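Undergrad: I'm passing along entry.txt; it holds compact mmCIF, C-alpha atoms.
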# COMPACT_ATOMS: atom_id res chain seq x y z
CA MET A 1 -64.61 -190.58 46.85
CA ALA A 2 -67.18 -189.48 49.44
CA GLU A 3 -68.44 -185.99 50.17
CA ILE A 4 -69.02 -184.96 53.77
CA LYS A 5 -72.18 -182.84 53.92
CA VAL A 6 -73.81 -180.90 56.74
CA PRO A 7 -76.57 -183.28 57.91
CA GLU A 8 -80.17 -182.45 58.70
CA LEU A 9 -79.91 -180.88 62.13
CA ALA A 10 -83.40 -180.31 63.57
CA GLU A 11 -86.61 -178.48 62.90
CA SER A 12 -86.01 -174.76 62.25
CA ILE A 13 -82.21 -175.23 62.22
CA THR A 14 -80.79 -174.68 58.73
CA GLU A 15 -77.19 -173.81 59.44
CA GLY A 16 -74.34 -174.23 61.88
CA THR A 17 -70.77 -173.16 62.52
CA ILE A 18 -67.63 -175.25 62.09
CA ALA A 19 -66.54 -175.47 65.72
CA GLN A 20 -63.58 -177.81 65.26
CA TRP A 21 -62.12 -180.05 62.58
CA LEU A 22 -61.29 -183.40 64.16
CA LYS A 23 -59.42 -184.51 61.02
CA GLN A 24 -57.06 -182.66 58.70
CA PRO A 25 -56.10 -183.22 55.04
CA GLY A 26 -54.00 -186.37 54.84
CA ASP A 27 -55.49 -187.94 57.97
CA THR A 28 -56.88 -191.46 57.74
CA VAL A 29 -60.52 -191.78 58.73
CA GLU A 30 -62.57 -194.91 59.42
CA LYS A 31 -66.19 -195.40 58.42
CA GLY A 32 -68.37 -193.96 61.18
CA GLU A 33 -65.51 -191.94 62.69
CA PHE A 34 -66.12 -188.32 63.68
CA ILE A 35 -64.56 -185.82 61.30
CA VAL A 36 -65.94 -182.42 62.36
CA GLU A 37 -67.84 -180.79 65.20
CA LEU A 38 -70.63 -178.36 64.27
CA GLU A 39 -72.06 -175.77 66.65
CA THR A 40 -75.73 -174.84 66.37
CA ASP A 41 -77.82 -172.53 68.48
CA LYS A 42 -78.96 -175.52 70.53
CA VAL A 43 -76.25 -178.18 70.72
CA ASN A 44 -72.94 -179.22 69.20
CA VAL A 45 -73.16 -182.02 66.63
CA GLU A 46 -70.30 -184.31 65.59
CA VAL A 47 -70.48 -185.40 61.94
CA ILE A 48 -69.19 -188.81 60.89
CA SER A 49 -67.59 -190.02 57.67
CA GLU A 50 -69.77 -192.49 55.79
CA GLU A 51 -66.71 -194.01 54.11
CA ALA A 52 -63.25 -195.11 55.19
CA GLY A 53 -60.31 -193.44 53.49
CA VAL A 54 -58.19 -190.32 53.66
CA VAL A 55 -59.30 -186.71 54.08
CA GLN A 56 -58.50 -185.13 50.71
CA GLU A 57 -59.97 -181.67 51.16
CA LEU A 58 -61.62 -179.37 53.69
CA ARG A 59 -63.99 -176.89 52.08
CA ALA A 60 -64.72 -174.78 55.14
CA GLU A 61 -62.64 -173.39 57.96
CA GLU A 62 -63.25 -173.35 61.70
CA GLY A 63 -65.56 -170.46 62.45
CA ASP A 64 -67.31 -170.60 59.04
CA THR A 65 -71.11 -170.72 58.85
CA VAL A 66 -72.32 -173.68 56.79
CA GLU A 67 -75.79 -174.72 55.63
CA VAL A 68 -77.58 -178.06 55.74
CA GLY A 69 -76.60 -180.10 52.69
CA GLN A 70 -73.42 -178.13 52.00
CA VAL A 71 -70.31 -180.15 51.14
CA ILE A 72 -67.65 -179.32 53.72
CA ALA A 73 -65.04 -182.04 53.15
CA VAL A 74 -64.02 -184.78 50.75
CA VAL A 75 -62.77 -188.25 51.74
CA GLY A 76 -60.99 -190.34 49.12
CA GLU A 77 -59.13 -193.59 48.79
CA GLY A 78 -55.45 -194.03 49.59
CA THR A 79 -53.13 -193.56 52.53
CA GLY A 80 -52.48 -190.56 54.67
CA ALA A 81 -49.10 -189.84 53.12
CA ALA A 82 -50.49 -189.88 49.58
CA ALA A 83 -53.28 -187.50 50.31
CA ALA A 84 -51.37 -184.96 52.37
CA PRO A 85 -50.68 -182.40 49.63
CA ALA A 86 -54.40 -181.89 48.77
CA PRO A 87 -55.05 -178.13 48.95
CA LYS A 88 -58.08 -176.43 50.42
CA ALA A 89 -60.66 -175.09 47.97
CA GLU A 90 -60.60 -171.54 49.29
CA GLU A 91 -56.82 -171.21 49.30
CA PRO A 92 -55.74 -167.88 47.74
CA LYS A 93 -54.75 -168.55 44.15
CA GLN A 94 -52.03 -165.95 44.02
CA GLU A 95 -50.05 -167.92 46.58
CA ALA A 96 -50.43 -171.28 44.83
CA PRO A 97 -46.98 -172.88 44.29
CA LYS A 98 -45.96 -174.23 40.91
CA GLU A 99 -45.96 -177.97 40.50
CA SER A 100 -42.18 -178.18 40.84
CA ALA A 101 -41.94 -175.98 43.90
CA PRO A 102 -40.99 -177.89 47.06
CA ALA A 103 -43.45 -175.91 49.19
CA PRO A 104 -44.97 -177.34 52.37
CA ALA A 105 -48.62 -178.37 52.52
CA PRO A 106 -50.65 -175.24 51.73
CA GLU A 107 -52.67 -175.18 54.95
CA ALA A 108 -49.62 -175.46 57.15
CA ALA A 109 -47.72 -172.88 55.11
CA GLN A 110 -50.58 -170.43 55.25
CA GLU A 111 -51.08 -170.93 58.98
CA GLU A 112 -47.39 -170.60 59.84
CA SER A 113 -46.75 -167.50 57.75
CA THR A 114 -49.75 -165.53 59.00
CA SER A 115 -48.80 -162.72 61.38
CA GLY A 116 -45.15 -163.47 60.73
CA ASP A 117 -44.86 -166.30 63.28
CA ARG A 118 -44.28 -170.03 63.00
CA THR A 119 -47.16 -171.05 65.27
CA ILE A 120 -49.60 -173.55 63.76
CA ALA A 121 -53.14 -172.39 64.50
CA SER A 122 -56.60 -172.65 63.00
CA PRO A 123 -57.93 -169.50 61.30
CA ALA A 124 -60.63 -169.19 63.94
CA ALA A 125 -58.02 -169.36 66.71
CA ARG A 126 -55.91 -166.68 65.01
CA LYS A 127 -58.94 -164.42 64.63
CA LEU A 128 -59.93 -164.86 68.28
CA ALA A 129 -56.33 -164.27 69.43
CA ARG A 130 -56.23 -161.00 67.50
CA GLU A 131 -59.53 -159.90 69.01
CA LYS A 132 -58.34 -160.66 72.53
CA GLY A 133 -54.81 -159.33 72.04
CA ILE A 134 -53.16 -162.65 72.85
CA ASP A 135 -49.77 -163.75 71.49
CA LEU A 136 -50.22 -167.16 69.83
CA ALA A 137 -46.62 -168.07 70.52
CA ALA A 138 -47.27 -167.79 74.26
CA ILE A 139 -50.11 -170.36 74.16
CA THR A 140 -49.48 -174.00 75.05
CA PRO A 141 -51.94 -176.03 72.92
CA VAL A 142 -53.69 -179.18 74.09
CA ASP A 143 -53.28 -180.75 70.64
CA PRO A 144 -50.25 -183.11 70.74
CA MET A 145 -49.38 -181.95 67.20
CA GLY A 146 -48.97 -178.39 68.50
CA ARG A 147 -51.93 -176.86 66.64
CA VAL A 148 -53.54 -173.98 68.53
CA ARG A 149 -57.34 -174.15 68.51
CA VAL A 150 -60.10 -171.83 69.69
CA GLN A 151 -60.34 -173.65 73.03
CA ASP A 152 -56.64 -172.93 73.71
CA VAL A 153 -57.11 -169.23 73.04
CA GLU A 154 -60.17 -169.09 75.30
CA ALA A 155 -58.25 -170.84 78.08
CA ALA A 156 -55.39 -168.35 77.72
CA ALA A 157 -57.83 -165.45 77.81
CA ALA A 158 -59.39 -166.78 81.03
CA ALA A 159 -55.98 -167.10 82.72
CA PRO A 160 -54.60 -164.20 84.82
CA LYS A 161 -53.33 -161.50 82.45
CA GLN A 162 -49.65 -160.74 82.93
CA GLN A 163 -48.16 -159.89 79.53
CA ALA A 164 -51.44 -159.27 77.82
CA LYS A 165 -51.66 -155.86 76.25
CA PRO A 166 -48.68 -154.58 74.35
CA GLN A 167 -50.60 -155.22 71.11
CA PRO A 168 -50.96 -152.30 68.70
CA PRO A 169 -54.50 -151.01 68.15
CA ALA A 170 -54.44 -152.11 64.49
CA ALA A 171 -54.42 -155.77 65.56
CA LYS A 172 -58.00 -155.56 66.84
CA SER A 173 -60.90 -156.70 64.68
CA ALA A 174 -62.89 -153.51 65.19
CA ALA A 175 -61.93 -149.88 65.63
CA PRO A 176 -60.76 -149.61 69.24
CA THR A 177 -62.09 -147.02 71.60
CA SER A 178 -60.05 -145.13 74.17
CA ASP A 179 -61.60 -147.30 76.88
CA GLU A 180 -60.42 -150.42 75.06
CA GLU A 181 -56.93 -149.03 74.66
CA SER A 182 -56.73 -148.18 78.34
CA GLY A 183 -57.96 -151.61 79.35
CA ARG A 184 -61.15 -150.28 80.95
CA VAL A 185 -63.25 -152.19 78.38
CA THR A 186 -62.63 -155.66 76.95
CA ARG A 187 -64.18 -156.53 73.59
CA GLN A 188 -65.49 -160.11 73.47
CA LYS A 189 -67.20 -161.69 70.47
CA MET A 190 -70.51 -163.38 71.24
CA SER A 191 -70.61 -167.11 70.57
CA ARG A 192 -72.82 -168.31 67.74
CA ARG A 193 -75.19 -169.85 70.28
CA ARG A 194 -75.51 -166.62 72.26
CA GLN A 195 -76.07 -164.64 69.02
CA THR A 196 -78.80 -167.05 67.96
CA ILE A 197 -80.45 -166.98 71.39
CA ALA A 198 -80.45 -163.18 71.25
CA ASN A 199 -81.95 -163.17 67.75
CA ARG A 200 -84.63 -165.71 68.66
CA LEU A 201 -85.68 -163.82 71.79
CA LEU A 202 -85.85 -160.57 69.85
CA GLU A 203 -87.83 -162.26 67.09
CA VAL A 204 -90.35 -163.69 69.58
CA SER A 205 -90.82 -160.35 71.32
CA GLN A 206 -91.39 -158.59 67.99
CA SER A 207 -93.61 -161.20 66.32
CA THR A 208 -96.01 -162.05 69.17
CA ALA A 209 -98.49 -160.08 71.23
CA MET A 210 -96.86 -161.21 74.47
CA LEU A 211 -98.46 -160.41 77.80
CA THR A 212 -97.71 -161.67 81.32
CA THR A 213 -100.04 -162.37 84.21
CA PHE A 214 -98.95 -163.08 87.78
CA ASN A 215 -100.08 -164.90 90.90
CA GLU A 216 -98.51 -166.16 94.10
CA ILE A 217 -98.48 -169.63 95.61
CA ASP A 218 -98.40 -170.61 99.26
CA MET A 219 -95.76 -173.36 99.24
CA THR A 220 -96.48 -174.56 102.81
CA ASN A 221 -98.32 -177.79 101.96
CA VAL A 222 -96.07 -178.94 99.13
CA MET A 223 -92.95 -178.23 101.21
CA GLU A 224 -94.32 -180.22 104.15
CA LEU A 225 -95.33 -183.11 101.88
CA ARG A 226 -91.92 -183.13 100.24
CA LYS A 227 -90.20 -183.06 103.62
CA ARG A 228 -92.23 -186.05 104.82
CA LYS A 229 -91.75 -188.13 101.68
CA LYS A 230 -88.36 -187.18 100.23
CA ASP A 231 -86.26 -189.82 102.05
CA GLU A 232 -88.73 -192.61 101.33
CA PHE A 233 -89.06 -191.41 97.74
CA GLU A 234 -85.32 -191.37 97.11
CA LYS A 235 -84.83 -194.77 98.73
CA LYS A 236 -87.62 -196.31 96.65
CA TYR A 237 -86.97 -194.67 93.27
CA GLY A 238 -83.29 -193.72 93.43
CA THR A 239 -83.88 -190.06 92.62
CA ARG A 240 -84.61 -186.87 94.56
CA LEU A 241 -88.13 -185.52 94.99
CA GLY A 242 -87.93 -181.89 93.86
CA PHE A 243 -90.48 -179.18 93.18
CA MET A 244 -90.24 -179.49 89.40
CA SER A 245 -92.24 -182.71 89.26
CA PHE A 246 -95.08 -181.05 91.21
CA PHE A 247 -95.07 -178.05 88.87
CA THR A 248 -94.87 -180.27 85.78
CA LYS A 249 -97.90 -182.25 86.96
CA ALA A 250 -99.75 -179.05 87.84
CA VAL A 251 -99.00 -177.59 84.39
CA VAL A 252 -100.31 -180.73 82.65
CA ALA A 253 -103.52 -180.55 84.68
CA ALA A 254 -103.95 -176.87 83.78
CA LEU A 255 -103.21 -177.51 80.08
CA LYS A 256 -105.96 -180.11 79.99
CA GLN A 257 -108.42 -177.55 81.34
CA TYR A 258 -107.19 -174.76 79.04
CA PRO A 259 -106.12 -176.45 75.77
CA ALA A 260 -105.47 -173.15 73.96
CA VAL A 261 -102.39 -172.71 76.17
CA ASN A 262 -101.07 -175.99 74.71
CA SER A 263 -101.34 -174.83 71.11
CA GLU A 264 -99.43 -173.18 68.28
CA LEU A 265 -100.45 -170.50 65.80
CA ASP A 266 -99.99 -171.50 62.15
CA GLY A 267 -101.06 -168.59 59.95
CA THR A 268 -104.78 -168.26 60.56
CA ASP A 269 -105.07 -171.77 62.03
CA LEU A 270 -104.68 -172.84 65.62
CA LEU A 271 -102.93 -176.18 66.16
CA LEU A 272 -104.28 -177.69 69.39
CA LYS A 273 -101.77 -180.25 70.66
CA ASN A 274 -103.11 -183.47 72.12
CA TYR A 275 -99.82 -184.34 73.78
CA TYR A 276 -97.97 -182.86 76.76
CA ASP A 277 -94.26 -182.54 76.06
CA VAL A 278 -93.06 -180.06 78.67
CA GLY A 279 -89.79 -178.20 78.17
CA ILE A 280 -87.71 -177.54 81.30
CA ALA A 281 -85.30 -174.62 80.90
CA VAL A 282 -81.74 -175.44 81.99
CA SER A 283 -78.93 -172.91 82.32
CA THR A 284 -75.52 -173.88 80.90
CA GLU A 285 -72.25 -172.02 80.44
CA GLU A 286 -73.15 -171.35 76.81
CA GLY A 287 -76.70 -170.16 77.48
CA LEU A 288 -80.18 -171.40 78.22
CA VAL A 289 -81.37 -174.67 76.66
CA VAL A 290 -84.80 -176.27 76.96
CA PRO A 291 -84.75 -180.08 76.93
CA VAL A 292 -88.17 -181.71 76.79
CA VAL A 293 -89.87 -184.19 79.15
CA ARG A 294 -91.93 -186.30 76.75
CA ASP A 295 -95.48 -187.44 77.54
CA ALA A 296 -95.45 -185.80 80.95
CA ASP A 297 -99.13 -186.66 81.38
CA ARG A 298 -98.32 -190.39 81.30
CA LYS A 299 -95.44 -190.30 83.75
CA ASN A 300 -95.44 -190.47 87.53
CA PHE A 301 -93.41 -188.25 89.83
CA SER A 302 -90.32 -190.48 89.87
CA GLU A 303 -90.24 -190.78 86.07
CA ILE A 304 -90.49 -187.02 85.67
CA GLU A 305 -87.77 -186.41 88.26
CA LYS A 306 -85.46 -188.94 86.57
CA ASP A 307 -86.08 -187.36 83.17
CA ILE A 308 -85.34 -183.87 84.47
CA ALA A 309 -82.18 -184.96 86.30
CA GLY A 310 -80.93 -186.89 83.26
CA LEU A 311 -81.59 -184.03 80.84
CA ALA A 312 -79.96 -181.48 83.16
CA ALA A 313 -76.84 -183.67 83.45
CA LYS A 314 -76.66 -184.06 79.66
CA ALA A 315 -77.00 -180.29 79.27
CA ARG A 316 -74.15 -179.60 81.69
CA ASP A 317 -71.96 -182.21 79.98
CA LYS A 318 -72.84 -180.86 76.50
CA LYS A 319 -74.30 -184.23 75.50
CA LEU A 320 -77.83 -183.17 74.62
CA ALA A 321 -79.07 -184.50 71.29
CA LEU A 322 -81.23 -182.38 69.02
CA SER A 323 -84.06 -184.84 69.67
CA ASP A 324 -83.90 -183.85 73.37
CA LEU A 325 -84.68 -180.24 72.47
CA SER A 326 -87.29 -180.35 69.73
CA GLY A 327 -91.07 -180.54 69.79
CA GLY A 328 -92.01 -179.17 73.21
CA SER A 329 -95.56 -177.88 73.59
CA PHE A 330 -95.12 -175.74 76.75
CA THR A 331 -92.14 -174.55 78.81
CA ILE A 332 -91.35 -174.10 82.51
CA THR A 333 -88.44 -171.89 83.56
CA ASN A 334 -87.25 -171.52 87.14
CA GLY A 335 -85.41 -168.29 87.80
CA GLY A 336 -85.78 -168.99 91.50
CA VAL A 337 -82.66 -171.17 91.47
CA PHE A 338 -80.69 -167.94 90.94
CA GLY A 339 -82.68 -165.98 93.52
CA SER A 340 -85.08 -164.22 91.14
CA LEU A 341 -88.14 -162.92 93.00
CA PHE A 342 -90.14 -161.62 90.03
CA SER A 343 -89.72 -161.73 86.25
CA THR A 344 -91.56 -161.90 82.93
CA PRO A 345 -90.33 -164.93 80.95
CA ILE A 346 -90.18 -164.75 77.15
CA LEU A 347 -92.05 -167.28 75.02
CA ASN A 348 -90.07 -170.23 73.68
CA GLY A 349 -90.17 -170.46 69.88
CA THR A 350 -93.64 -171.09 68.46
CA GLN A 351 -95.20 -171.98 71.81
CA VAL A 352 -97.92 -169.67 73.14
CA GLY A 353 -97.27 -170.07 76.87
CA ILE A 354 -94.41 -170.28 79.37
CA LEU A 355 -94.57 -170.56 83.16
CA GLY A 356 -91.98 -168.73 85.24
CA MET A 357 -91.20 -169.97 88.76
CA HIS A 358 -89.34 -167.81 91.27
CA THR A 359 -87.56 -168.03 94.59
CA ILE A 360 -89.48 -169.06 97.71
CA GLN A 361 -89.56 -166.23 100.22
CA LYS A 362 -91.21 -166.08 103.62
CA ARG A 363 -93.73 -163.24 103.75
CA PRO A 364 -96.58 -162.17 106.05
CA ILE A 365 -99.94 -163.02 104.45
CA ALA A 366 -103.54 -163.04 105.58
CA VAL A 367 -104.79 -166.53 106.52
CA GLY A 368 -108.44 -166.11 107.41
CA ASP A 369 -108.54 -163.24 109.86
CA ASN A 370 -104.94 -163.77 110.99
CA VAL A 371 -101.56 -162.73 109.62
CA GLU A 372 -99.06 -165.56 109.30
CA ILE A 373 -95.55 -165.97 107.94
CA ARG A 374 -95.73 -168.34 104.98
CA PRO A 375 -93.25 -169.50 102.29
CA MET A 376 -94.54 -167.81 99.16
CA MET A 377 -93.57 -168.01 95.48
CA TYR A 378 -94.52 -165.57 92.74
CA VAL A 379 -95.39 -167.30 89.46
CA ALA A 380 -95.76 -165.72 86.03
CA LEU A 381 -97.47 -166.89 82.85
CA SER A 382 -96.32 -165.17 79.68
CA TYR A 383 -98.63 -165.89 76.76
CA ASP A 384 -99.42 -164.87 73.20
CA HIS A 385 -102.49 -162.65 73.47
CA ARG A 386 -103.35 -163.37 69.83
CA VAL A 387 -104.28 -166.90 70.92
CA ILE A 388 -105.07 -166.68 74.64
CA ASP A 389 -107.40 -164.22 76.31
CA GLY A 390 -107.18 -162.97 79.89
CA LYS A 391 -109.82 -165.43 81.08
CA ASP A 392 -107.83 -168.49 79.99
CA SER A 393 -104.48 -167.11 81.12
CA VAL A 394 -105.73 -166.20 84.58
CA GLY A 395 -107.66 -169.50 84.85
CA PHE A 396 -104.58 -171.49 83.83
CA LEU A 397 -102.36 -169.82 86.42
CA LYS A 398 -105.04 -170.13 89.10
CA THR A 399 -105.28 -173.88 88.39
CA VAL A 400 -101.50 -174.28 88.80
CA LYS A 401 -101.73 -172.36 92.10
CA GLU A 402 -104.57 -174.55 93.41
CA MET A 403 -102.75 -177.76 92.46
CA ILE A 404 -99.52 -176.77 94.18
CA GLU A 405 -101.36 -175.58 97.29
CA ASN A 406 -103.19 -178.94 97.41
CA PRO A 407 -100.46 -181.39 96.32
CA GLU A 408 -102.40 -184.48 97.42
CA ASP A 409 -104.69 -183.86 94.44
CA LEU A 410 -101.68 -184.16 92.15
CA LEU A 411 -100.60 -187.43 93.78
CA LEU A 412 -104.08 -188.91 93.50
CA GLY A 413 -104.33 -187.92 89.87
CA SER A 414 -100.91 -189.22 88.77
Any chance you could give the structure as structure tokens?
TA:
Amino acid sequence: MAEIKVPELAESITEGTIAQWLKQPGDTVEKGEFIVELETDKVNVEVISEEAGVVQELRAEEGDTVEVGQVIAVVGEGTGAAAAPAPKAEEPKQEAPKESAPAPAPEAAQEESTSGDRTIASPAARKLAREKGIDLAAITPVDPMGRVRVQDVEAAAAAPKQQAKPQPPAAKSAAPTSDEESGRVTRQKMSRRRQTIANRLLEVSQSTAMLTTFNEIDMTNVMELRKRKKDEFEKKYGTRLGFMSFFTKAVVAALKQYPAVNSELDGTDLLLKNYYDVGIAVSTEEGLVVPVVRDADRKNFSEIEKDIAGLAAKARDKKLALSDLSGGSFTITNGGVFGSLFSTPILNGTQVGILGMHTIQKRPIAVGDNVEIRPMMYVALSYDHRVIDGKDSVGFLKTVKEMIENPEDLLLGS
């Protein structure tokens, strides 16, 4: 017999949510085969079985929060048919059939009898369907066995609503308001990842002395250099030449001049980091993630661009590993891709600095004694004032500005 435990996930992550069981009691499982998908605040993790056998017992349901090291399933010897009757640990005892009773498998019986219908659905799917006022019987599941999962309910909720709302108010998970009853307001539960992101951002804002300083960058020279070199660059290296590699290189140069910005506060000690692992914020459907470009100081422009492109693709395809997200020493976020002109980014975890890029906008500026139209970008540095004073923060941002406005210096130094 083998116990399936929640594995070590990553630094600072101690729990996750059962997103989806890939095996059910009675199913045969091979050694190394995925048995469950866990959702954390950063990525989804598929857990394997260390032994071949049959799933005897599931000790947590979809939607449950589980901790690292917790036993969530048991795999034993035998065949699928022999193991099928194994009950779940949390099954209500008052409903337990006597040994002679010819009752169906407990999980199936419990699922089918809930809400008075015969639809087979996971508890998490039933809960979500109640919250959204969706009839389970009207959902066509993807599962060939006919089991409705959370993904099926979400797909039904996203479809055009035709027969949606004749549900009584008592079916909702929280006390409905008149706006909910009239359809003017739709109640939607936040995903675990969005809840965790919200908690982390609130925690950072409350536990740090965060301040933001601003500057603006004339993007003329870097745009002209990129225009001249982008075709040759892509032909030679097989990847696009974007602005992120320039900003990553500029940030590394500034961090070397102002090492306190590349540090972490540990009680009364300051941990000065002698490496340059730069996190690049990427927006996904489930929220913002920050994969890390490792050893950015040792990489050239093409290596940085390939890393960023590869990490962004993995983020969109939900294939990021926890190792892709941990250990960054500084973060760059680019709200300009969404058209943001000005913002104050929030610090990422225990880091003490984050650079915010914004959209490029043509504006009249003074060039010598003349006024010219130039492509300008506002940049922001949010920092922990407990660690970094105004002199270092302003100097850091000014260094980034000078590097971007003189991109040849970055090329010569890379």
Undergrad: Can you tell me how far atom CA of Asp27 of chain A sits from atom CA of Leu322 of chain A, in Å to one decimal?
TA: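 Answer for the atom CA of Asp27 of chain A to atom CA of Leu322 of chain A separation: 28.6 Å.
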Undergrad: Write out as a list of chain:residue names each polymer residue whose atoms come within 8 Å of Ala52 of chain A, counting only C-alpha atoms; drop sequence neighbours fewer than 4 positions from it.
TA: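 Here the answer would be A:Thr28, A:Val29, A:Glu30, A:Lys31, A:Gly32, A:Val75, A:Glu77.
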Undergrad: Take every atom of segment 209-223 of chain A listed in the file, pad by 3 Å on each side, and give me the axis-aligned box centre and edge lengths in Å, one decimal, as AutoDock Vina command-line options.
TA:
--center_x -96.5 --center_y -169.5 --center_z 87.0 --size_x 13.1 --size_y 24.9 --size_z 37.6
Undergrad: Please report the interatomic distance between atom CA of Ala296 of chain A and atom CA of Tyr276 of chain A in Å with one decimal.
TA: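 Spanning atom CA of Ala296 of chain A to atom CA of Tyr276 of chain A is a straight-line distance of 5.7 Å.
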Undergrad: Pick the closest to Glu408 of chain A from A:Ser340, A:Asn221, A:Asn334, A:Asn44: which is it, counting all atoms listed in the file?
TA: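 Among the listed residues, the smallest separation from Glu408 of chain A belongs to A:Asn221.
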Undergrad: Up to 10 Å from (-104.2, -166.2, 78.5) in the file's coordinates: name the residues, counting all atoms listed in the file, as a list in words.
TA: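 With a cut-off of 10 Å, the residues come to Met210, Leu211, Thr212, Thr213, Tyr258, Ala260, Val261, Val352, Gly353, Leu381, Ser382, Tyr383, Asp384, His385, Arg386, Val387, Ile388, Asp389, Gly390, Lys391, Asp392, Ser393, Val394, Gly395, Phe396 and Leu397 of chain A.
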Undergrad: Distance table requested - segment 330-411 of chain A against segment 234-248 of chain A, cut-off 10 Å, only C-alpha atoms: one row per qualifying residue with the closest atom pair and its distance in Å to one decimal, ordered by chain and rising residue number, as CSV.
TA:
residue,atom,partner,partner_atom,distance
A:Thr331,CA,A:Thr248,CA,9.4
A:Ile332,CA,A:Thr248,CA,7.8
A:Thr333,CA,A:Met244,CA,9.8
A:Asn334,CA,A:Met244,CA,8.8
A:Leu355,CA,A:Phe247,CA,9.4
A:Met357,CA,A:Phe247,CA,9.0
A:Val400,CA,A:Phe247,CA,7.5
A:Lys401,CA,A:Phe247,CA,9.3
A:Met403,CA,A:Phe246,CA,8.4
A:Ile404,CA,A:Phe246,CA,6.8
A:Pro407,CA,A:Phe246,CA,7.4
A:Leu410,CA,A:Phe246,CA,7.4
A:Leu411,CA,A:Phe246,CA,8.8
Undergrad: For segment 301-314 of chain A, supply N, CA and C atoms and format the output as a JSON list (two decimals), in the frame of the given file.
TA:
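Contents of rebuild.json, freshly written:
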[["chain", "number", "residue", "atom", "x", "y", "z"],
["A", 301, "PHE", "N", -94.35, -189.21, 89.29],
["A", 301, "PHE", "CA", -93.41, -188.25, 89.83],
["A", 301, "PHE", "C", -91.96, -188.72, 89.67],
["A", 302, "SER", "N", -91.70, -189.99, 89.94],
["A", 302, "SER", "CA", -90.32, -190.48, 89.87],
["A", 302, "SER", "C", -89.82, -190.47, 88.43],
["A", 303, "GLU", "N", -90.66, -190.80, 87.47],
["A", 303, "GLU", "CA", -90.24, -190.78, 86.07],
["A", 303, "GLU", "C", -89.93, -189.36, 85.60],
["A", 304, "ILE", "N", -90.74, -188.42, 86.03],
["A", 304, "ILE", "CA", -90.49, -187.02, 85.67],
["A", 304, "ILE", "C", -89.20, -186.53, 86.30],
["A", 305, "GLU", "N", -88.99, -186.83, 87.58],
["A", 305, "GLU", "CA", -87.77, -186.41, 88.26],
["A", 305, "GLU", "C", -86.53, -187.01, 87.61],
["A", 306, "LYS", "N", -86.60, -188.29, 87.23],
["A", 306, "LYS", "CA", -85.46, -188.94, 86.57],
["A", 306, "LYS", "C", -85.19, -188.30, 85.22],
["A", 307, "ASP", "N", -86.24, -188.01, 84.48],
["A", 307, "ASP", "CA", -86.08, -187.36, 83.17],
["A", 307, "ASP", "C", -85.41, -186.00, 83.32],
["A", 308, "ILE", "N", -85.90, -185.22, 84.27],
["A", 308, "ILE", "CA", -85.34, -183.87, 84.47],
["A", 308, "ILE", "C", -83.88, -183.94, 84.89],
["A", 309, "ALA", "N", -83.57, -184.83, 85.82],
["A", 309, "ALA", "CA", -82.18, -184.96, 86.30],
["A", 309, "ALA", "C", -81.27, -185.42, 85.16],
["A", 310, "GLY", "N", -81.74, -186.39, 84.36],
["A", 310, "GLY", "CA", -80.93, -186.89, 83.26],
["A", 310, "GLY", "C", -80.70, -185.84, 82.20],
["A", 311, "LEU", "N", -81.72, -185.08, 81.85],
["A", 311, "LEU", "CA", -81.59, -184.03, 80.84],
["A", 311, "LEU", "C", -80.69, -182.90, 81.33],
["A", 312, "ALA", "N", -80.81, -182.54, 82.60],
["A", 312, "ALA", "CA", -79.96, -181.48, 83.16],
["A", 312, "ALA", "C", -78.49, -181.90, 83.14],
["A", 313, "ALA", "N", -78.22, -183.17, 83.47],
["A", 313, "ALA", "CA", -76.84, -183.67, 83.45],
["A", 313, "ALA", "C", -76.29, -183.66, 82.02],
["A", 314, "LYS", "N", -77.10, -184.07, 81.05],
["A", 314, "LYS", "CA", -76.66, -184.06, 79.66],
["A", 314, "LYS", "C", -76.40, -182.63, 79.18]]
